[in-house]
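The next block is entry.cif, given as mmCIF, C-alpha atoms.
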```cif
data_coords
#
loop_
_atom_site.label_atom_id
_atom_site.label_comp_id
_atom_site.auth_asym_id
_atom_site.auth_seq_id
_atom_site.Cartn_x
_atom_site.Cartn_y
_atom_site.Cartn_z
CA MET A 1 0.00 0.00 0.00
CA ASN A 2 1.19 3.48 -0.75
CA LYS A 3 0.47 6.41 1.58
CA GLN A 4 -2.94 7.23 0.08
CA GLU A 5 -3.95 3.56 0.09
CA VAL A 6 -3.11 3.40 3.80
CA PHE A 7 -5.38 6.41 4.46
CA ASP A 8 -8.14 4.88 2.30
CA TYR A 9 -7.80 1.59 4.18
CA LEU A 10 -8.08 3.32 7.56
CA ASP A 11 -11.12 5.23 6.28
CA SER A 12 -12.73 1.98 5.08
CA LYS A 13 -12.32 0.56 8.60
CA ASN A 14 -13.74 3.75 10.19
CA ILE A 15 -10.54 4.26 12.17
CA TRP A 16 -9.70 7.67 13.60
CA TYR A 17 -6.36 9.10 12.56
CA GLU A 18 -4.52 12.38 12.05
CA VAL A 19 -1.76 13.01 9.53
CA THR A 20 1.31 15.21 9.81
CA GLU A 21 3.01 15.76 6.44
CA HIS A 22 6.75 16.53 6.62
CA GLN A 23 10.00 16.22 4.70
CA ALA A 24 11.39 12.74 4.29
CA VAL A 25 13.05 11.50 7.48
CA TYR A 26 15.46 8.60 7.71
CA ASN A 27 16.37 8.37 11.38
CA MET A 28 15.17 9.34 14.83
CA GLU A 29 17.40 12.44 14.95
CA GLU A 30 15.54 13.84 11.96
CA VAL A 31 12.17 12.84 13.43
CA ALA A 32 13.01 14.64 16.69
CA LYS A 33 13.35 17.91 14.77
CA LEU A 34 9.80 17.74 13.42
CA ASP A 35 6.98 19.81 14.86
CA VAL A 36 4.35 17.16 15.58
CA PRO A 37 1.16 17.17 17.65
CA TYR A 38 2.03 14.13 19.80
CA PRO A 39 5.85 14.07 20.22
CA THR A 40 5.78 11.50 23.04
CA ALA A 41 3.82 9.10 20.81
CA ASN A 42 6.49 8.88 18.09
CA ALA A 43 7.50 5.30 17.38
CA LYS A 44 10.85 3.79 16.50
CA ASN A 45 10.54 0.66 14.38
CA LEU A 46 13.17 -2.03 13.98
CA PHE A 47 12.87 -4.82 11.41
CA VAL A 48 15.09 -7.71 12.48
CA ARG A 49 15.64 -11.36 11.65
CA ASP A 50 17.31 -14.43 13.02
CA GLY A 51 20.61 -15.68 11.61
CA LYS A 52 18.99 -18.26 9.34
CA LYS A 53 16.57 -15.70 7.85
CA ARG A 54 13.61 -17.86 8.85
CA ASN A 55 12.00 -15.64 11.46
CA TYR A 56 11.37 -11.93 11.09
CA TYR A 57 10.26 -9.51 13.78
CA LEU A 58 9.06 -5.93 13.78
CA ILE A 59 9.77 -4.23 17.09
CA THR A 60 8.07 -0.91 17.83
CA THR A 61 9.22 1.13 20.79
CA LYS A 62 9.05 4.70 22.01
CA ALA A 63 11.31 6.97 20.00
CA ASP A 64 13.51 7.85 22.97
CA LYS A 65 14.27 4.27 24.01
CA GLN A 66 17.40 2.31 23.22
CA LEU A 67 16.76 -1.34 22.42
CA ASP A 68 19.38 -3.94 23.23
CA LEU A 69 18.76 -6.83 20.82
CA LYS A 70 20.58 -9.28 23.08
CA GLU A 71 18.31 -8.38 26.01
CA PHE A 72 15.27 -8.51 23.72
CA ARG A 73 16.33 -12.00 22.59
CA ASN A 74 16.79 -13.17 26.17
CA HIS A 75 13.39 -11.89 27.28
CA ASN A 76 11.44 -13.08 24.24
CA ASN A 77 13.06 -16.45 23.53
CA THR A 78 14.30 -15.69 20.04
CA LYS A 79 17.51 -16.74 18.37
CA ARG A 80 20.34 -14.26 17.80
CA LEU A 81 18.96 -11.24 15.95
CA SER A 82 20.34 -8.78 13.44
CA PHE A 83 18.84 -6.06 11.30
CA ALA A 84 17.23 -7.15 8.06
CA SER A 85 18.88 -5.82 4.91
CA PRO A 86 17.30 -3.12 2.73
CA ASP A 87 16.61 -5.84 0.13
CA GLU A 88 14.79 -7.99 2.72
CA LEU A 89 12.86 -4.94 3.89
CA MET A 90 11.68 -4.23 0.34
CA GLN A 91 11.00 -7.87 -0.52
CA ILE A 92 9.09 -8.69 2.67
CA LEU A 93 7.38 -5.44 3.69
CA GLY A 94 7.61 -3.41 0.49
CA LEU A 95 9.34 -0.59 2.38
CA ILE A 96 12.56 1.39 2.13
CA PRO A 97 14.90 2.16 5.04
CA GLY A 98 13.50 5.12 6.96
CA ALA A 99 9.90 4.12 6.22
CA VAL A 100 9.68 1.04 8.47
CA THR A 101 6.26 0.95 10.10
CA PRO A 102 3.78 -1.52 11.58
CA LEU A 103 1.44 -0.50 8.75
CA GLY A 104 3.88 -2.28 6.41
CA LEU A 105 2.63 -5.53 7.92
CA LEU A 106 -0.63 -4.91 6.04
CA ASN A 107 1.16 -5.22 2.69
CA PRO A 108 0.68 -8.57 1.02
CA THR A 109 3.47 -10.86 2.15
CA GLU A 110 4.06 -14.56 2.45
CA SER A 111 6.17 -14.08 5.55
CA ASN A 112 4.51 -14.27 8.94
CA ILE A 113 6.22 -11.49 10.84
CA GLU A 114 5.85 -11.31 14.61
CA PHE A 115 5.06 -7.84 15.87
CA PHE A 116 6.33 -6.64 19.25
CA ILE A 117 5.03 -3.33 20.60
CA ASP A 118 6.08 -1.46 23.70
CA GLU A 119 3.26 -1.51 26.27
CA GLU A 120 3.88 2.19 26.99
CA PHE A 121 1.96 3.02 23.81
CA LEU A 122 -1.19 1.81 25.56
CA SER A 123 -0.83 4.45 28.30
CA GLN A 124 -2.68 7.73 27.96
CA PRO A 125 -3.26 9.18 25.45
CA GLY A 126 -3.09 5.72 23.82
CA ILE A 127 -1.87 7.11 20.49
CA ILE A 128 1.05 6.03 18.34
CA GLY A 129 2.75 7.88 15.50
CA VAL A 130 3.99 5.74 12.60
CA HIS A 131 4.74 6.26 8.93
CA PRO A 132 1.97 5.39 6.46
CA ASN A 133 4.40 3.22 4.44
CA ASP A 134 6.13 6.45 3.39
CA ASN A 135 8.61 8.53 5.38
CA THR A 136 7.14 11.88 4.28
CA ALA A 137 4.28 11.71 6.76
CA THR A 138 3.37 10.45 10.21
CA VAL A 139 -0.07 9.03 10.88
CA TRP A 140 -1.34 9.24 14.46
CA ILE A 141 -3.64 6.38 15.33
CA LYS A 142 -5.02 4.84 18.50
CA THR A 143 -2.67 2.09 19.60
CA GLN A 144 -5.53 -0.36 20.17
CA ASP A 145 -6.77 0.23 16.60
CA LEU A 146 -3.30 -0.45 15.19
CA ILE A 147 -2.99 -3.67 17.20
CA GLN A 148 -6.43 -4.81 16.03
CA LEU A 149 -5.59 -4.11 12.36
CA ILE A 150 -2.41 -6.16 12.60
CA GLU A 151 -4.10 -9.04 14.43
CA ASP A 152 -6.94 -9.03 11.89
CA HIS A 153 -4.31 -9.28 9.16
CA GLY A 154 -3.04 -12.50 10.80
CA ASN A 155 0.20 -11.37 12.38
CA SER A 156 1.12 -12.25 15.96
CA VAL A 157 1.13 -9.23 18.25
CA HIS A 158 3.13 -9.22 21.48
CA ILE A 159 2.64 -6.35 23.91
CA ILE A 160 5.82 -6.21 25.95
CA ASN A 161 7.69 -4.20 28.51
CA LEU A 162 10.90 -3.01 26.87
CA GLU A 163 12.45 -1.76 30.11
CA TYR A 164 14.93 -4.52 30.85
CA LYS A 165 16.66 -4.54 34.21
#
```
Represent the structure from my file as structure tokens, please.
Amino acid sequence: MNKQEVFDYLDSKNIWYEVTEHQAVYNMEEVAKLDVPYPTANAKNLFVRDGKKRNYYLITTKADKQLDLKEFRNHNNTKRLSFASPDELMQILGLIPGAVTPLGLLNPTESNIEFFIDEEFLSQPGIIGVHPNDNTATVWIKTQDLIQLIEDHGNSVHIINLEYK
């Protein structure tokens, strides 16, 4: 789905959302410079895979958090993880680096990608900001609606605490 198709899909499901158009952003430093309505709801998305390229995971956390993949692996019983390549990202999610988003899980794919989302996104106001499959906009959506869309699509959703001690 391109950006407009994402908006049309959300409209067809009667899901509330707001859109912030902006210049293309490729990393969290660039995102932090944007003037957005819900800065604490910005998401950081990591597309990772195991060493044998059999299992893929999309991990969504608050923008200001650092994620230790080794700790994530230990807490979620996965094999050793590394970032998927740009080619894998395009082949599996139809996305380019900088545009990784949970909404990419709605693109037709034969891979069953497990989705992990930081439980903090469920706290008030319960909104998450993600790209609409394009890094020139951020769509603000209720976290519960996003989770429901992804579950309805058939992907596993894991709500987790990403504060490892």
What residues come out when you apply the PyMOL selection byres ((chain A and resi 57) around 6) to this file, written as a VMD selection string? chain A and resid 47 to 48 56 58 113 to 115
Which residue, A:Val25, A:Leu105, A:Ile150, A:Leu162, has the smallest gap to Met90 in chain A when you use only C-alpha atoms?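 Once distances to Met90 in chain A are computed over only C-alpha atoms, the minimum belongs to A:Leu105.
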List the residues matched by the PyMOL selection byres ((chain A and resi 99) around 7) in the displayed structure as a ChimeraX atom specification, ordered by chain and then by residue number. /A:95-98,100-101,131,133-135
Preceding selection exported with C-alpha atoms as a PDB file, in the coordinates of the input:
```
ATOM      1  CA  LEU A  95       9.340  -0.590   2.380  1.00  0.00           C
ATOM      2  CA  ILE A  96      12.560   1.390   2.130  1.00  0.00           C
ATOM      3  CA  PRO A  97      14.900   2.160   5.040  1.00  0.00           C
ATOM      4  CA  GLY A  98      13.500   5.120   6.960  1.00  0.00           C
ATOM      5  CA  VAL A 100       9.680   1.040   8.470  1.00  0.00           C
ATOM      6  CA  THR A 101       6.260   0.950  10.100  1.00  0.00           C
ATOM      7  CA  HIS A 131       4.740   6.260   8.930  1.00  0.00           C
ATOM      8  CA  ASN A 133       4.400   3.220   4.440  1.00  0.00           C
ATOM      9  CA  ASP A 134       6.130   6.450   3.390  1.00  0.00           C
ATOM     10  CA  ASN A 135       8.610   8.530   5.380  1.00  0.00           C
TER      11      ASN A 135
END
```
Determine, counting all atoms listed in the file, which protein, DNA and RNA residues have an atom within 8 Å of an atom of Met1 in chain A; residues of the same chain fewer than 2 positions away are not included. Present the result as an NGL selection string. :A and (3-6 or 104 or 106-107 or 133)
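Taking CA of Met28 in chain A and CA of Asn55 in chain A as endpoints, the distance between them is 25.4 Å.
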CA of Thr61 in chain A to CA of Thr143 in chain A, distance in Å rounded to a single decimal: 12.0 Å
Judged by all atoms listed in the file, the minimum distance to Ser111 in chain A among A:Asn155, A:Gln124, A:His75, A:Thr138 is found for A:Asn155
